[in-house]
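Taking it in order: structure first as structure tokens, then the write-up.
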Amino acid sequence: MIHQMKKAAGMVLAFLIFSGYTIAQELHSRWDELTASEWPKALEMSDQTCILPFGILEKHGPHVPIGSDLIQVREWAARATKKEYAVVFPDYFYGQINEARHQYGTFALPERVVWDLLEATCDEIGRNGFKKIVIINGHGGNPELIRYFIQTRLEKQRNYAVYFFEPPADSAYVKKMAGLHQSDPAGDQHAGERETSSLLYLRPDLVKMDSARNESGANQKRLNIPNVYTAIWWYADYPNHYAGEGAKATAELGKLVNEHYIDALVQALKAIKADKKTLELQDEFFNRVKR
């Protein structure tokens with residue numbers, strides 16, 4: 001009788017553990033796919049960590065979709081959070097893209113709106129219970145904006161911290177990249193071989209490889225003022241808003257690029273979720289500011 005009772009208790013315990021595991025596995029990571037009743041569990045499982053996938057809407061040569069940056073960050077977040085849970089904010093494409101306003105499909109907002117919207121979005125993410133906001137970026141024109149934005153989070157005290165994830169370029173990865181690259185890496189930038197390969201791996205249905213040679217992605221070198229930065233530099237070099245040779249892209253290279261990014265993001269999420277020091281140091285900083 002005792003043996004049967006122990007066996008029954010063990011079965012109940014196993015069922016409860018398995019049920020909890022199933023719930024955890026089935027809990028959606030996307031903010032917009034969670035129910036309100038799942039919110040406390042999502043906050044707990046994520047250690048109050050939310051990913052803000054920052055893309056843009058702009059022309060990507062004649063052959064890859066306007067939302068390429070957005071597609072990439074969306075996929076990176078979705079695939080990484082299957083391995084390390086965090087909540088993923090809905091697709092965010094309100095960044096800096098003035099240099100592409102002469103091309104169809106570009107969505108460029110006024111600079112004040114871009115800044116205020118990013119700040120309000122982070123504040124609202126924080127109001128919903130998240131203490132750690134991780135920005136992942138797919139657009140080459142955003143990093144300066146993001147870094148300055150994060151630095152200005154020290155302007156006033158907040159109950160959350162913002163992190164900017166940038167994947168490492170370790171020697172092993174660089175060596176593998178060199179072995180697969182068919183174009184000049186120095187000129188492989190916007191919608192070139194690497195980015196086209198990424199889309200070939202993630203969304204081959206959206207890539208029009210037969211159009212990749214319809215425009216030039218070569219540097220036009222129309223402006224040369226040594227050691228000087230000016231807003232028109234990108235347009236001067238790449239008026240077609242295309243930099244590189246997308247026609248040389250391969251899904252194999254795309255797999256390498258994406259798996260490297262996702263693996264690195266998973267490791268970063270683990271570290272960020274375990275991080276107690278950033279918020280502690282922020283509070284210490286502001287306590288000293290108030291003195």
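Lettering and numbering for the structure tokens are positional, with chains as A, B, ... in the shown order, residues counted from 1 in each chain, and ligands counted from 1 in the shown order.
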
For this session: Find the residues near Trp233 of chain A: any atom within 8 Å, counting only C-alpha atoms, skip ones fewer than 4 places away on the same chain, and give them as a PyMOL selection string.
Result: chain A and resi 223+229+237

Would you mind exporting the chosen residues as a PDB file, in the first residue's frame, restricted to N, CA and C atoms?
ATOM      1  N   LEU A 223      33.261  62.201 -53.655  1.00  0.00           N
ATOM      2  CA  LEU A 223      33.617  63.244 -52.688  1.00  0.00           C
ATOM      3  C   LEU A 223      34.827  62.772 -51.890  1.00  0.00           C
ATOM      4  N   TYR A 229      34.181  64.414 -41.876  1.00  0.00           N
ATOM      5  CA  TYR A 229      32.904  63.707 -41.979  1.00  0.00           C
ATOM      6  C   TYR A 229      31.821  64.689 -42.392  1.00  0.00           C
ATOM      7  N   ASP A 237      29.103  58.359 -52.229  1.00  0.00           N
ATOM      8  CA  ASP A 237      29.751  57.095 -52.599  1.00  0.00           C
ATOM      9  C   ASP A 237      28.785  56.092 -53.231  1.00  0.00           C
TER      10      ASP A 237
END

Counting only C-alpha atoms, which residues of segment 54-90 of chain A sit at most 12 Å from some atom of segment 39-45 of chain A, and what is each one's closest atom pair with its distance in Å to one decimal, listed by chain and rising residue number, as a Markdown table?
| residue | atom | partner | partner_atom | distance |
| --- | --- | --- | --- | --- |
| A:Thr81 | CA | A:Met45 | CA | 11.0 |
| A:Glu84 | CA | A:Met45 | CA | 9.4 |
| A:Tyr85 | CA | A:Met45 | CA | 6.6 |
| A:Ala86 | CA | A:Met45 | CA | 7.2 |
| A:Val87 | CA | A:Ala42 | CA | 6.9 |
| A:Val88 | CA | A:Ala42 | CA | 10.5 |

Include C-alpha atoms and write out the residues we just selected as an mmCIF file, in the first residue's frame.
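Saved file part.cif follows:
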data_model
loop_
_atom_site.group_PDB
_atom_site.id
_atom_site.type_symbol
_atom_site.label_atom_id
_atom_site.label_comp_id
_atom_site.auth_asym_id
_atom_site.auth_seq_id
_atom_site.Cartn_x
_atom_site.Cartn_y
_atom_site.Cartn_z
ATOM 1 C CA THR A 81 14.816 33.291 -27.497
ATOM 2 C CA GLU A 84 17.374 31.589 -23.939
ATOM 3 C CA TYR A 85 14.003 33.075 -23.059
ATOM 4 C CA ALA A 86 13.396 36.818 -23.182
ATOM 5 C CA VAL A 87 10.388 38.842 -24.274
ATOM 6 C CA VAL A 88 10.697 40.378 -27.750
#

Problem set entry | Pick from A:Tyr201, A:Tyr104, A:Glu33, A:Leu253 nearest to Ala178 of chain A, counting only C-alpha atoms |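 So, comparing all the options, the nearest one is A:Leu253.
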
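Counting only C-alpha atoms, the residue from A:Ile71, A:Leu27, A:Ala108, A:Ala264 that sits nearest to Tyr173 of chain A is A:Ala264.
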
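Residues in contact with Ser216 of chain A at 10 Å, where only C-alpha atoms are counted and same-chain residues fewer than 5 positions away are skipped, are listed as Gly61, Pro62, Tyr238, Pro239, Asn240, His241, Tyr242, Ala243, Gly244, Glu245 and Gly246 of chain A.
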
Output the selection as a short mmCIF file (atom, residue, chain, number, x, y, z; two decimals), in the first residue's frame - C-alpha atoms for each residue.
data_model
loop_
_atom_site.label_atom_id
_atom_site.label_comp_id
_atom_site.auth_asym_id
_atom_site.auth_seq_id
_atom_site.Cartn_x
_atom_site.Cartn_y
_atom_site.Cartn_z
CA GLY A 61 19.73 47.32 -53.78
CA PRO A 62 17.42 46.06 -56.52
CA TYR A 238 26.62 54.98 -53.12
CA PRO A 239 23.82 56.95 -54.84
CA ASN A 240 22.02 53.69 -55.71
CA HIS A 241 21.85 52.87 -51.98
CA TYR A 242 23.61 49.61 -52.75
CA ALA A 243 27.15 48.78 -51.67
CA GLY A 244 28.74 45.51 -52.72
CA GLU A 245 28.07 42.56 -54.98
CA GLY A 246 24.86 40.88 -53.98
#

Exercise. Segment 47-260 of chain A: which residues are strand (DSSP E) by DSSP, as a list of chain:residue names?
Worked result: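 Matching residues, listed in order: A:Thr49, A:Cys50, A:Ile51, A:Leu52, A:Pro53, A:Phe54, A:Val87, A:Val88, A:Lys132, A:Ile133, A:Val134, A:Ile135, A:Ile136, A:Asn137, A:Ala161, A:Val162, A:Tyr163, A:Phe164, A:Phe165.
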
Problem set entry | All residues 12 Å or closer to Glu252 of chain A, only C-alpha atoms, same chain fewer than 3 positions away omitted, as a count of residues only | 22

For this session: Find the residues around Tyr92 of chain A up to 12 Å (only C-alpha atoms counted), leave out those fewer than 4 positions away in its own chain, and share them as a list in words.
Result: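 My reading of the contact set: Ile51, Leu52, Pro53, Phe54, Gly55, Ile56, Leu57, Gly67, Asp69, Leu70, Ile71, Gln72, Val73, Arg74, Val88, Gln96, Phe107, Val114, Leu117, Leu118, Thr121, Cys122, Ile135, Ile136, Asn137, Gly138 and His139 of chain A.
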
For this session: Rank A:Val162, A:Ile125, A:Ile97, A:Leu281 by their smallest atom-to-atom distance to Ile146 of chain A, using only C-alpha atoms, and report the top residue only.
Result: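 Among the listed residues, the smallest separation from Ile146 of chain A belongs to A:Val162.
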
Exercise. Leaving out Leu279 of chain A and any residue of its chain fewer than 2 positions from it, which residues lie within 9 Å of it when counting only C-alpha atoms, given as a PyMOL selection string?
Worked result: chain A and resi 131-132+159-161+275-277+281-284

Problem set entry | Contacts of Asp32 of chain A at 10 Å (only C-alpha atoms; same-chain gap of 3+ positions) as JSON, numbers by chain | {"A": [28, 29, 35, 36, 87, 88, 89, 90]}

Keeping only C-alpha atoms, write the selected residues as a PDB file, in the first residue's frame.
ATOM      1  CA  HIS A  28       5.541  32.867 -26.530  1.00  0.00           C
ATOM      2  CA  SER A  29       8.486  35.222 -26.558  1.00  0.00           C
ATOM      3  CA  THR A  35      -1.773  37.133 -23.079  1.00  0.00           C
ATOM      4  CA  ALA A  36      -2.114  39.469 -20.097  1.00  0.00           C
ATOM      5  CA  VAL A  87      10.388  38.842 -24.274  1.00  0.00           C
ATOM      6  CA  VAL A  88      10.697  40.378 -27.750  1.00  0.00           C
ATOM      7  CA  PHE A  89       9.135  43.768 -28.432  1.00  0.00           C
ATOM      8  CA  PRO A  90       7.220  44.035 -31.751  1.00  0.00           C
TER       9      PRO A  90
END
